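For reference, work17.cif is printed below; it contains mmCIF, C-alpha atoms.
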data_coords
#
loop_
_atom_site.label_atom_id
_atom_site.label_comp_id
_atom_site.auth_asym_id
_atom_site.auth_seq_id
_atom_site.Cartn_x
_atom_site.Cartn_y
_atom_site.Cartn_z
CA MET T 1 57.97 -3.97 116.25
CA VAL T 2 60.12 -6.12 118.51
CA SER T 3 59.65 -5.57 122.24
CA ARG T 4 62.75 -4.39 123.99
CA LYS T 5 64.40 -6.70 126.50
CA PRO T 6 65.96 -5.34 129.67
CA ALA T 7 69.70 -5.38 129.13
CA ARG T 8 71.03 -5.04 132.66
CA THR T 9 71.05 -7.54 135.46
CA GLY T 10 71.81 -5.62 138.64
CA ALA T 11 70.42 -2.40 140.14
CA GLY T 12 72.11 0.83 139.14
CA GLU T 13 71.80 4.34 140.51
CA ASP T 14 69.24 5.28 137.85
CA GLY T 15 67.00 2.30 138.55
CA LEU T 16 68.09 0.35 135.48
CA THR T 17 69.26 -3.17 136.06
CA GLY T 18 72.41 -4.90 134.92
CA ALA T 19 76.14 -4.72 134.42
CA GLY T 20 76.13 -3.77 130.76
CA LEU T 21 76.90 -0.44 129.13
CA ARG T 22 74.66 2.15 127.54
CA ILE T 23 76.11 2.26 124.02
CA ALA T 24 75.42 4.74 121.22
CA ILE T 25 76.40 3.68 117.69
CA ILE T 26 76.84 6.67 115.38
CA GLY T 27 78.12 6.86 111.82
CA SER T 28 75.89 4.51 109.82
CA ARG T 29 72.81 5.55 107.88
CA GLY T 30 70.79 3.37 110.22
CA ILE T 31 69.06 0.02 110.57
CA PRO T 32 67.35 -2.10 109.34
CA ALA T 33 70.09 -1.93 106.75
CA GLY T 34 68.94 -0.41 103.49
CA TYR T 35 72.24 0.75 102.08
CA GLY T 36 75.76 -0.52 102.64
CA GLY T 37 78.62 -1.80 104.74
CA PHE T 38 78.38 0.12 108.02
CA GLU T 39 74.61 -0.33 107.98
CA THR T 40 74.90 -4.10 107.73
CA PHE T 41 77.63 -4.04 110.37
CA ALA T 42 75.41 -2.10 112.80
CA GLN T 43 72.41 -4.34 112.06
CA GLU T 44 74.37 -7.48 112.89
CA LEU T 45 76.42 -6.15 115.82
CA ALA T 46 73.90 -4.07 117.78
CA PRO T 47 71.31 -6.80 118.54
CA ARG T 48 74.10 -9.16 119.56
CA LEU T 49 75.42 -6.56 121.98
CA VAL T 50 71.91 -6.36 123.47
CA GLU T 51 71.97 -10.15 123.89
CA ARG T 52 75.27 -9.76 125.75
CA GLY T 53 73.77 -7.44 128.34
CA HIS T 54 74.12 -3.92 126.91
CA GLU T 55 71.56 -1.21 126.13
CA VAL T 56 72.22 -0.10 122.58
CA ALA T 57 70.96 2.78 120.46
CA VAL T 58 71.72 3.21 116.76
CA TYR T 59 71.37 6.69 115.26
CA CYS T 60 69.60 6.67 111.89
CA ARG T 61 68.74 8.89 108.92
CA LYS T 62 65.24 8.73 107.49
CA GLY T 63 65.10 7.55 103.92
CA TYR T 64 68.01 5.14 104.13
CA THR T 65 66.66 2.28 106.22
CA ALA T 66 64.75 -0.68 104.79
CA GLY T 67 60.98 -0.74 105.13
CA GLU T 68 59.02 1.42 107.55
CA VAL T 69 60.67 3.79 109.99
CA LEU T 70 60.99 1.95 113.32
CA ASP T 71 61.76 3.05 116.87
CA GLU T 72 63.23 -0.32 117.75
CA TYR T 73 64.88 -3.28 116.04
CA LYS T 74 65.56 -6.57 117.83
CA GLY T 75 65.93 -4.83 121.17
CA VAL T 76 68.01 -1.95 119.78
CA ARG T 77 66.66 1.56 120.15
CA LEU T 78 66.58 3.52 116.87
CA ILE T 79 66.94 7.28 117.09
CA HIS T 80 66.37 9.36 113.94
CA THR T 81 68.07 12.74 113.64
CA PRO T 82 68.16 15.15 110.67
CA ALA T 83 70.96 15.75 108.17
CA LEU T 84 71.71 18.19 105.38
CA ARG T 85 71.05 16.72 101.94
CA SER T 86 74.46 17.59 100.60
CA ARG T 87 76.98 15.15 99.18
CA SER T 88 79.85 16.56 101.22
CA LEU T 89 77.96 17.49 104.40
CA GLU T 90 75.26 14.86 104.86
CA GLN T 91 77.33 12.40 106.90
CA LEU T 92 79.04 15.13 108.89
CA SER T 93 75.81 16.95 109.71
CA HIS T 94 74.11 13.71 110.75
CA GLU T 95 76.92 12.89 113.16
CA PHE T 96 76.61 16.40 114.60
CA THR T 97 72.83 16.20 115.18
CA SER T 98 73.21 12.68 116.59
CA ILE T 99 75.82 13.82 119.09
CA VAL T 100 73.71 16.81 120.12
CA ASP T 101 70.72 14.54 120.68
CA SER T 102 72.80 12.04 122.62
CA ILE T 103 74.19 14.44 125.21
CA GLY T 104 71.08 14.29 127.39
CA ARG T 105 70.70 10.53 127.14
CA ARG T 106 73.52 9.48 129.49
CA PHE T 107 75.31 6.99 127.27
CA ASP T 108 78.39 5.34 128.80
CA LEU T 109 80.14 4.55 125.53
CA TYR T 110 80.06 5.91 122.00
CA TYR T 111 81.03 3.68 119.10
CA PHE T 112 81.69 5.86 116.06
CA LEU T 113 81.78 4.14 112.66
CA GLY T 114 84.31 6.12 110.64
CA TYR T 115 85.79 9.44 111.70
CA ARG T 116 84.36 12.19 109.49
CA GLY T 117 82.91 13.92 112.54
CA ALA T 118 86.08 13.55 114.64
CA PRO T 119 86.21 17.23 115.78
CA PHE T 120 82.81 16.64 117.41
CA TYR T 121 84.16 13.65 119.35
CA VAL T 122 86.55 15.80 121.37
CA PRO T 123 83.87 17.43 123.59
CA VAL T 124 82.14 14.05 123.94
CA ARG T 125 85.35 12.57 125.29
CA ALA T 126 85.83 15.61 127.56
CA SER T 127 82.35 15.01 129.04
CA ASN T 128 83.54 11.76 130.65
CA ARG T 129 81.96 9.52 128.01
CA ILE T 130 84.03 6.68 126.57
CA VAL T 131 84.74 7.15 122.87
CA ILE T 132 85.78 4.24 120.64
CA ASP T 133 86.27 4.76 116.93
CA ASN T 134 86.11 2.17 114.16
CA THR T 135 88.58 3.72 111.76
CA ASP T 136 87.19 1.97 108.66
CA GLY T 137 89.34 2.49 105.55
CA LEU T 138 91.52 5.39 104.42
CA GLU T 139 88.66 7.78 103.67
CA TRP T 140 90.89 10.61 102.46
CA ARG T 141 92.13 8.46 99.57
CA ARG T 142 88.72 8.31 97.94
CA ARG T 143 88.85 9.92 94.50
CA LYS T 144 85.41 11.48 94.86
CA TRP T 145 86.71 14.11 97.30
CA SER T 146 88.13 17.47 96.26
CA TRP T 147 91.49 18.58 97.64
CA LEU T 148 89.58 20.47 100.33
CA GLY T 149 87.63 17.37 101.29
CA ARG T 150 90.78 15.24 101.40
CA THR T 151 92.51 17.87 103.53
CA TYR T 152 89.62 17.87 105.99
CA LEU T 153 89.56 14.08 106.16
CA ARG T 154 93.29 13.91 106.88
CA MET T 155 92.74 16.43 109.66
CA ALA T 156 89.80 14.38 110.99
CA GLU T 157 91.97 11.26 110.97
CA TRP T 158 94.67 13.06 112.98
CA THR T 159 92.02 14.40 115.37
CA VAL T 160 90.45 11.04 116.13
CA VAL T 161 93.87 9.49 116.77
CA LYS T 162 95.31 12.29 118.88
CA LEU T 163 92.32 13.88 120.58
CA GLY T 164 88.98 12.25 119.87
CA ALA T 165 89.05 8.61 120.95
CA HIS T 166 90.00 6.64 124.02
CA ALA T 167 90.53 3.58 121.81
CA LEU T 168 90.64 2.70 118.13
CA VAL T 169 89.34 -0.32 116.23
CA SER T 170 90.75 -1.39 112.86
CA ASP T 171 88.81 -3.88 110.78
CA ALA T 172 91.93 -5.10 108.98
CA GLU T 173 95.47 -5.82 110.13
CA ALA T 174 96.75 -3.64 107.26
CA ILE T 175 94.77 -0.67 108.64
CA ARG T 176 96.16 -1.32 112.12
CA GLN T 177 99.69 -1.23 110.68
CA TYR T 178 98.91 2.04 108.89
CA PHE T 179 97.98 3.77 112.17
CA LEU T 180 101.06 2.35 113.86
CA ARG T 181 103.34 3.61 111.08
CA THR T 182 101.68 6.98 110.66
CA TYR T 183 100.83 7.99 114.21
CA GLY T 184 102.60 5.50 116.47
CA ARG T 185 99.26 4.51 117.95
CA ASP T 186 97.95 0.98 118.17
CA SER T 187 94.39 -0.11 117.55
CA LEU T 188 92.58 -3.36 118.13
CA TYR T 189 91.97 -5.55 115.11
CA LEU T 190 88.26 -6.39 115.11
CA THR T 191 87.03 -7.49 111.72
CA ASN T 192 83.60 -7.41 110.09
CA GLY T 193 81.52 -10.56 109.80
CA ALA T 194 79.56 -12.52 107.22
CA TYR T 195 77.42 -15.62 106.80
CA ALA T 196 78.50 -18.83 105.08
CA LEU T 197 75.54 -19.69 102.84
CA ASP T 198 74.82 -22.82 100.84
CA ARG T 199 73.45 -22.65 97.29
CA ALA T 200 70.38 -24.53 98.49
CA VAL T 201 69.02 -21.30 100.05
CA MET T 202 69.18 -19.40 96.75
CA GLN T 203 65.77 -18.09 95.70
CA GLN T 204 65.19 -18.78 92.01
CA GLU T 205 62.51 -16.10 91.82
CA VAL T 206 65.17 -13.48 92.56
CA LEU T 207 67.23 -14.59 89.56
CA ASP T 208 64.05 -14.54 87.47
CA LYS T 209 63.23 -11.04 88.70
CA TYR T 210 66.57 -9.69 87.50
CA GLY T 211 66.61 -11.76 84.32
CA VAL T 212 69.79 -13.74 85.00
CA VAL T 213 70.62 -17.42 84.54
CA GLU T 214 72.42 -19.35 87.28
CA GLY T 215 76.12 -19.74 86.52
CA GLN T 216 75.97 -17.47 83.47
CA TYR T 217 76.91 -14.12 84.96
CA TYR T 218 79.51 -12.28 86.99
CA ILE T 219 78.39 -9.85 89.67
CA VAL T 220 79.73 -6.62 91.15
CA ALA T 221 78.05 -5.35 94.33
CA CYS T 222 79.10 -1.93 95.62
CA ARG T 223 78.35 1.77 95.69
CA ILE T 224 78.96 3.52 92.39
CA GLU T 225 82.13 5.33 93.41
CA PRO T 226 85.42 5.83 91.48
CA GLU T 227 87.58 4.12 94.10
CA ASN T 228 85.64 0.88 93.55
CA ASN T 229 87.08 0.81 90.02
CA ILE T 230 83.87 -0.20 88.29
CA ASP T 231 85.19 1.51 85.15
CA VAL T 232 88.20 -0.82 85.13
CA ILE T 233 85.95 -3.84 85.68
CA VAL T 234 83.55 -2.89 82.87
CA ARG T 235 86.45 -2.18 80.49
CA GLU T 236 88.16 -5.48 81.24
CA PHE T 237 84.99 -7.56 81.18
CA ILE T 238 84.17 -6.27 77.71
CA ALA T 239 87.78 -6.86 76.60
CA SER T 240 87.68 -10.47 77.86
CA GLY T 241 85.04 -11.40 75.31
CA SER T 242 83.23 -13.47 77.94
CA LYS T 243 79.93 -14.97 76.77
CA LYS T 244 78.58 -14.51 80.26
CA GLU T 245 76.87 -11.34 81.52
CA LEU T 246 78.14 -8.78 84.02
CA ILE T 247 75.59 -7.29 86.41
CA VAL T 248 76.38 -4.38 88.71
CA ALA T 249 74.24 -4.15 91.85
CA GLY T 250 74.59 -0.83 93.62
CA GLY T 251 73.51 2.77 93.74
CA MET T 252 74.75 6.21 94.66
CA ASN T 253 73.58 9.13 96.74
CA TYR T 254 74.05 11.64 93.93
CA GLU T 255 74.47 11.26 90.16
CA THR T 256 77.93 12.19 88.95
CA PRO T 257 79.90 12.40 85.68
CA PHE T 258 81.45 9.06 86.67
CA TRP T 259 78.02 7.45 86.46
CA GLN T 260 77.44 8.81 82.97
CA HIS T 261 80.89 7.57 81.95
CA LEU T 262 79.95 4.05 83.07
CA GLN T 263 76.70 4.19 81.13
CA ASP T 264 78.56 5.21 78.00
CA MET T 265 81.12 2.41 78.43
CA ALA T 266 78.44 -0.25 78.83
CA LYS T 267 76.35 0.64 75.78
CA GLY T 268 75.96 -2.32 73.44
CA SER T 269 77.76 -4.72 75.79
CA ARG T 270 76.77 -7.59 78.06
CA VAL T 271 76.91 -5.27 81.11
CA ARG T 272 73.78 -4.26 83.06
CA PHE T 273 73.37 -1.89 86.01
CA LEU T 274 70.64 -3.08 88.38
CA GLY T 275 70.66 -0.13 90.78
CA PRO T 276 70.40 -0.68 94.55
CA VAL T 277 69.46 -4.24 95.54
CA TYR T 278 68.19 -4.46 99.12
CA GLY T 279 65.76 -6.85 100.74
CA PRO T 280 65.72 -10.30 102.35
CA MET T 281 67.86 -12.73 100.33
CA LEU T 282 67.94 -10.53 97.20
CA ILE T 283 71.66 -9.76 96.90
CA GLU T 284 72.48 -13.08 98.57
CA SER T 285 70.53 -14.99 95.91
CA LEU T 286 72.26 -13.05 93.14
CA HIS T 287 75.62 -13.96 94.68
CA LEU T 288 74.63 -17.61 95.08
CA GLY T 289 73.61 -17.83 91.46
CA ALA T 290 76.67 -16.06 90.07
CA PHE T 291 79.62 -17.69 88.32
CA GLY T 292 81.98 -15.20 89.96
CA TYR T 293 82.34 -11.89 91.78
CA LEU T 294 84.58 -9.04 90.60
CA HIS T 295 85.89 -6.80 93.39
CA GLY T 296 87.63 -3.52 92.64
CA HIS T 297 87.69 -1.79 96.05
CA GLU T 298 91.04 -0.21 96.86
CA VAL T 299 90.78 2.14 99.87
CA GLY T 300 88.93 0.14 102.49
CA GLY T 301 89.90 -2.23 105.21
CA THR T 302 87.83 -5.40 105.42
CA ASN T 303 85.05 -4.83 102.91
CA PRO T 304 81.61 -6.33 103.75
CA ALA T 305 80.77 -6.87 100.07
CA LEU T 306 83.88 -9.00 99.66
CA LEU T 307 83.06 -11.06 102.75
CA LYS T 308 79.49 -11.58 101.53
CA ALA T 309 80.73 -12.84 98.16
CA MET T 310 83.15 -15.21 99.88
CA GLY T 311 80.42 -16.47 102.21
CA CYS T 312 78.22 -17.22 99.19
CA GLY T 313 80.97 -19.36 97.67
CA ASN T 314 81.71 -17.04 94.75
CA LEU T 315 84.89 -17.28 92.78
CA VAL T 316 86.32 -13.87 93.76
CA ILE T 317 88.61 -12.00 91.39
CA ALA T 318 89.82 -9.01 93.39
CA LEU T 319 92.03 -6.00 92.88
CA ASP T 320 95.45 -6.84 94.30
CA THR T 321 95.62 -4.70 97.46
CA GLU T 322 96.91 -5.49 100.92
CA PHE T 323 93.35 -5.28 102.26
CA ASN T 324 91.81 -7.68 99.76
CA SER T 325 94.65 -10.19 99.99
CA GLU T 326 94.39 -10.17 103.79
CA ASN T 327 90.78 -11.34 103.52
CA LEU T 328 91.03 -13.70 100.57
CA VAL T 329 94.54 -15.09 101.10
CA ASP T 330 94.69 -17.99 98.61
CA THR T 331 90.93 -18.50 98.14
CA GLY T 332 90.60 -16.16 95.14
CA ARG T 333 92.35 -14.64 92.13
CA TYR T 334 93.84 -11.16 91.75
CA PHE T 335 94.16 -8.47 89.10
CA THR T 336 95.82 -5.08 88.70
CA LYS T 337 94.58 -1.94 86.93
CA LYS T 338 96.92 -2.63 84.02
CA PRO T 339 94.94 -3.17 80.80
CA GLY T 340 94.48 -6.87 80.15
CA SER T 341 95.05 -8.03 83.72
CA LEU T 342 91.44 -8.60 84.77
CA ALA T 343 90.47 -9.70 81.26
CA ALA T 344 93.04 -12.50 81.52
CA GLN T 345 91.61 -13.63 84.88
CA ILE T 346 88.08 -13.70 83.47
CA GLU T 347 89.32 -15.74 80.50
CA TRP T 348 91.00 -18.17 82.92
CA ALA T 349 87.82 -18.53 84.98
CA ASP T 350 85.62 -19.13 81.95
CA ALA T 351 88.03 -21.83 80.77
CA ASN T 352 88.38 -23.51 84.21
CA PRO T 353 84.94 -23.69 85.83
CA GLU T 354 85.82 -26.57 88.18
CA LEU T 355 88.88 -24.76 89.56
CA ALA T 356 86.81 -21.59 89.89
CA ARG T 357 84.17 -23.48 91.88
CA ALA T 358 86.83 -24.99 94.17
CA LEU T 359 88.15 -21.53 95.01
CA GLY T 360 84.63 -20.38 95.85
CA ASP T 361 84.12 -23.35 98.16
CA ALA T 362 87.42 -22.55 99.92
CA ALA T 363 86.33 -18.93 100.37
CA ARG T 364 83.06 -20.04 101.99
CA ILE T 365 84.99 -22.21 104.45
CA ARG T 366 87.26 -19.27 105.28
CA ILE T 367 84.23 -17.13 106.15
CA ARG T 368 82.82 -19.87 108.36
CA ASP T 369 86.09 -20.28 110.23
CA HIS T 370 87.26 -16.66 110.57
CA TYR T 371 84.40 -14.18 110.10
CA SER T 372 81.31 -15.32 112.02
CA TRP T 373 79.10 -12.52 113.38
CA ASP T 374 78.87 -14.14 116.81
CA SER T 375 82.65 -14.09 117.07
CA VAL T 376 82.69 -10.43 115.99
CA ALA T 377 80.15 -9.59 118.68
CA ASP T 378 82.00 -11.54 121.39
CA LYS T 379 85.22 -9.67 120.67
CA HIS T 380 83.48 -6.28 120.63
CA ASP T 381 81.73 -7.07 123.90
CA ALA T 382 85.00 -8.05 125.58
CA PHE T 383 86.82 -4.99 124.22
CA PHE T 384 84.10 -2.53 125.23
CA ARG T 385 84.07 -3.91 128.77
CA GLU T 386 87.86 -3.81 128.97
CA VAL T 387 88.02 -0.16 127.89
CA ALA T 388 85.13 0.73 130.20
CA ARG T 389 86.87 -0.82 133.21
CA LYS T 390 90.06 1.09 132.41
CA HIS T 391 88.02 4.28 132.67
CA GLY T 392 86.26 3.53 135.92
CA ARG T 393 83.07 1.81 134.77
CA HIS T 394 82.00 -1.27 136.73
CA VAL T 395 80.98 -3.82 134.12
#
How does the structure come out when it is put into structure tokens?
Amino acid sequence: MVSRKPARTGAGEDGLTGAGLRIAIIGSRGIPAGYGGFETFAQELAPRLVERGHEVAVYCRKGYTAGEVLDEYKGVRLIHTPALRSRSLEQLSHEFTSIVDSIGRRFDLYYFLGYRGAPFYVPVRASNRIVIDNTDGLEWRRRKWSWLGRTYLRMAEWTVVKLGAHALVSDAEAIRQYFLRTYGRDSLYLTNGAYALDRAVMQQEVLDKYGVVEGQYYIVACRIEPENNIDVIVREFIASGSKKELIVAGGMNYETPFWQHLQDMAKGSRVRFLGPVYGPMLIESLHLGAFGYLHGHEVGGTNPALLKAMGCGNLVIALDTEFNSENLVDTGRYFTKKPGSLAAQIEWADANPELARALGDAARIRIRDHYSWDSVADKHDAFFREVARKHGRHV
């Protein structure tokens, strides 16, 4: 366990020292990251906020973090609260229990990741706490939700914009424009981050563990959800006739008919499902050894899996959306859902390995120049202090 460093540098009324903020981060499954995008985001951002003078707590769910259950991680306090084990209510119930727990802890600022629990943010804001929401993607567009779920999520989106938050963060310029068009409210563009990694750090034993050969496979890394279009990717990869292999790294909270459909599609093909891949340098090594990365996400903003692939120098072939093109620009290739579109891109990549490698190198440079975690943390620190000062906090 890492010892906690004092975050403040001047005496306050409660005896703590410093000019930082007490920050609660709610909305991820927790850290150390053992699951997905918001978890990695919290793991990278929270310790850097501590280094910049804040006291930070991340609310966690048991069973989702990597390794043993900790009370502290790199100076960040970890608070575990319960949640209902229900596909539709788990996230919402965890936000509720986290907020209830937080009320007596005297946080200055709440940073909510997503907005599923937006109705609960209203009383937090009314209690003279600063509420900032990272709006993430367009959650209500996810195909996994019923009409009732989509209706609730649209209502939650309206609530966070109109009633729940003092300020909004959008992790993509396209998301910022959506909130401007839809609600007439601006948000600050603060993107996610990633590391630019060289192939020299790839661990060969990881490739051996998963039975893959460097440069002889494509990779998909994501949750097994319909809106990530894994079915389209599997269909098109098989149709391409590629002699390489396709591996899919990712899991799900609950088995669904969609999962069985994917299994049926992949039978007898060069497609393998690895399940969740978490641990030091596991997914990174698989990326570094891959010939290319296939990205089918369509409802998010800036997707961490896409940034990771770019940072590892993968040739990225991505679904043509405004979010993906904002991140990739001209450092990757694009496909549509039309039959034959992705298959043609895979055929092009297999036939042009040097051009594919050049695109991957350009993507790595783009991550280095535009998506460093230290830059992400600096911008969050400055924004949090600016919002706090506007609401009477002396930081």
Next on the checklist: For segment 92-97 of chain T, find every residue with an atom within 9 Å (counting only C-alpha atoms), except residues of its own chain fewer than 4 positions away, and show them as JSON, numbers by chain.
Outcome noted: {"T": [26, 27, 29, 59, 60, 61, 81, 82, 83, 84, 88, 101, 102, 112, 116, 117, 120]}
Quick one: which residues end up in the PyMOL selection byres ((chain T and resi 48) around 10) for this structure, as a compact mmCIF listing (two decimals) with C-alpha atoms, in the coordinates of the input?
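Once everything was written out, this is result16.txt:
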# COMPACT_ATOMS: atom_id res chain seq x y z
CA ALA T 42 75.41 -2.10 112.80
CA GLN T 43 72.41 -4.34 112.06
CA GLU T 44 74.37 -7.48 112.89
CA LEU T 45 76.42 -6.15 115.82
CA ALA T 46 73.90 -4.07 117.78
CA PRO T 47 71.31 -6.80 118.54
CA LEU T 49 75.42 -6.56 121.98
CA VAL T 50 71.91 -6.36 123.47
CA GLU T 51 71.97 -10.15 123.89
CA ARG T 52 75.27 -9.76 125.75
CA GLY T 53 73.77 -7.44 128.34
CA HIS T 54 74.12 -3.92 126.91
CA VAL T 56 72.22 -0.10 122.58
CA LYS T 74 65.56 -6.57 117.83
CA GLY T 75 65.93 -4.83 121.17
CA VAL T 76 68.01 -1.95 119.78
CA TRP T 373 79.10 -12.52 113.38
CA ASP T 374 78.87 -14.14 116.81
CA VAL T 376 82.69 -10.43 115.99
CA ALA T 377 80.15 -9.59 118.68
CA ASP T 378 82.00 -11.54 121.39
CA HIS T 380 83.48 -6.28 120.63
CA ASP T 381 81.73 -7.07 123.90
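Close contacts of Phe323 of chain T, defined as residues with an atom at most 9 Å away when counting all atoms listed in the file, with chain neighbours fewer than 2 positions off set aside, comprise Ala172, Glu173, Ala174, Ile175, Glu298, Val299, Gly300, Gly301, Thr302, Asn303, Asp320, Thr321, Ser325, Glu326, Asn327 and Leu328 of chain T.
Only residues having an atom at most 10 Å from (70.5, -11.7, 87.4) are included; using all atoms listed in the file, these are Gln204, Val206, Leu207, Asp208, Lys209, Tyr210, Gly211, Val212, Val213, Glu214, Gly215, Gln216, Tyr217, Tyr218, Ile219, Glu245, Leu246, Ile247, Val248, Ala249, Arg272, Leu274, Ile283, Ser285, Leu286, His287, Gly289 and Ala290 of chain T.
Residues in contact with Ala156 of chain T at up to 12 Å, not including ones fewer than 4 positions away on its chain and judged by only C-alpha atoms, are Leu92, Gly114, Tyr115, Arg116, Gly117, Ala118, Pro119, Phe120, Tyr121, Val122, Asp133, Thr135, Leu138, Glu139, Trp140, Gly149, Arg150, Thr151, Tyr152, Val160, Val161, Lys162, Leu163, Gly164 and Ala165 of chain T.
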Expected file contents, prior selection, C-alpha atoms, as a short mmCIF file (atom, residue, chain, number, x, y, z; two decimals), in the coordinates of the input:
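Output file out17.cif is given in full below:
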data_model
loop_
_atom_site.label_atom_id
_atom_site.label_comp_id
_atom_site.auth_asym_id
_atom_site.auth_seq_id
_atom_site.Cartn_x
_atom_site.Cartn_y
_atom_site.Cartn_z
CA LEU T 92 79.04 15.13 108.89
CA GLY T 114 84.31 6.12 110.64
CA TYR T 115 85.79 9.44 111.70
CA ARG T 116 84.36 12.19 109.49
CA GLY T 117 82.91 13.92 112.54
CA ALA T 118 86.08 13.55 114.64
CA PRO T 119 86.21 17.23 115.78
CA PHE T 120 82.81 16.64 117.41
CA TYR T 121 84.16 13.65 119.35
CA VAL T 122 86.55 15.80 121.37
CA ASP T 133 86.27 4.76 116.93
CA THR T 135 88.58 3.72 111.76
CA LEU T 138 91.52 5.39 104.42
CA GLU T 139 88.66 7.78 103.67
CA TRP T 140 90.89 10.61 102.46
CA GLY T 149 87.63 17.37 101.29
CA ARG T 150 90.78 15.24 101.40
CA THR T 151 92.51 17.87 103.53
CA TYR T 152 89.62 17.87 105.99
CA VAL T 160 90.45 11.04 116.13
CA VAL T 161 93.87 9.49 116.77
CA LYS T 162 95.31 12.29 118.88
CA LEU T 163 92.32 13.88 120.58
CA GLY T 164 88.98 12.25 119.87
CA ALA T 165 89.05 8.61 120.95
#
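Distance annotation: of T:Gly392, T:Gly20, T:Gly275, T:Pro339, the residue with the minimal separation from Asn128 of chain T is T:Gly392; atom set is all atoms listed in the file.
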Checklist outcome for this item: Restricting to all atoms listed in the file, whichever of T:Asp361, T:Glu236, T:Glu255, T:Glu90 is closest to Asp330 of chain T is T:Asp361
Checklist entry - Which of these residues is nearest to Glu205 of chain T, using all atoms listed in the file: T:Met155, T:Val169, T:Met281, T:Ala57? => result T:Met281
Item to check | Minimum-distance residue to Arg142 of chain T, chosen among T:Thr191, T:Ser341, T:Asn228, T:Ser242 (using all atoms listed in the file) | outcome: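 For Arg142 of chain T, the nearest of the given residues is T:Asn228.
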Next on the checklist: List as an MDAnalysis selection string the protein and nucleic acid residues near Leu78 of chain T, meaning an atom at most 8 Å away when all atoms listed in the file are counted, but skip any in the same chain fewer than 3 places from it.
Outcome noted: chainID T and resid 30:31 57:60 70:73
Checklist entry - With distances taken over only C-alpha atoms, which of T:Glu157, T:Asp171, T:Asp108, T:Glu225 is nearest to Gly251 of chain T? => result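 Residue with the minimum atom-to-atom distance to Gly251 of chain T: T:Glu225.
Our summary of the geometry notes that atom CA of Thr336 of chain T is positioned 17.5 Å from atom CA of Arg143 of chain T.
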Next on the checklist: With distances taken over all atoms listed in the file, which residue among T:Thr40, T:Leu319, T:Tyr189, T:Arg357 lies nearest Lys338 of chain T?
Outcome noted: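 Smallest separation from Lys338 of chain T among the options: T:Leu319.
Pairwise distance (atom CA of Leu197 of chain T, atom CA of Cys312 of chain T) equals 5.2 Å.
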Checklist entry - In Å to one decimal, how far is atom CA of Ser28 of chain T from atom CA of Phe258 of chain T? => result 24.2 Å
Item to check | Hits of the PyMOL selection byres ((chain T and resi 185) around 9) in this structure, as JSON, numbers by chain | outcome: {"T": [161, 162, 168, 176, 179, 180, 181, 182, 183, 184, 186, 187]}
Item to check | Point (81.7, -16.9, 98.1) neighbourhood (6 Å, all atoms listed in the file) written as a list in words | outcome: Ala309, Met310, Gly311, Cys312, Gly313, Asn314, Gly360, Ala363 and Arg364 of chain T
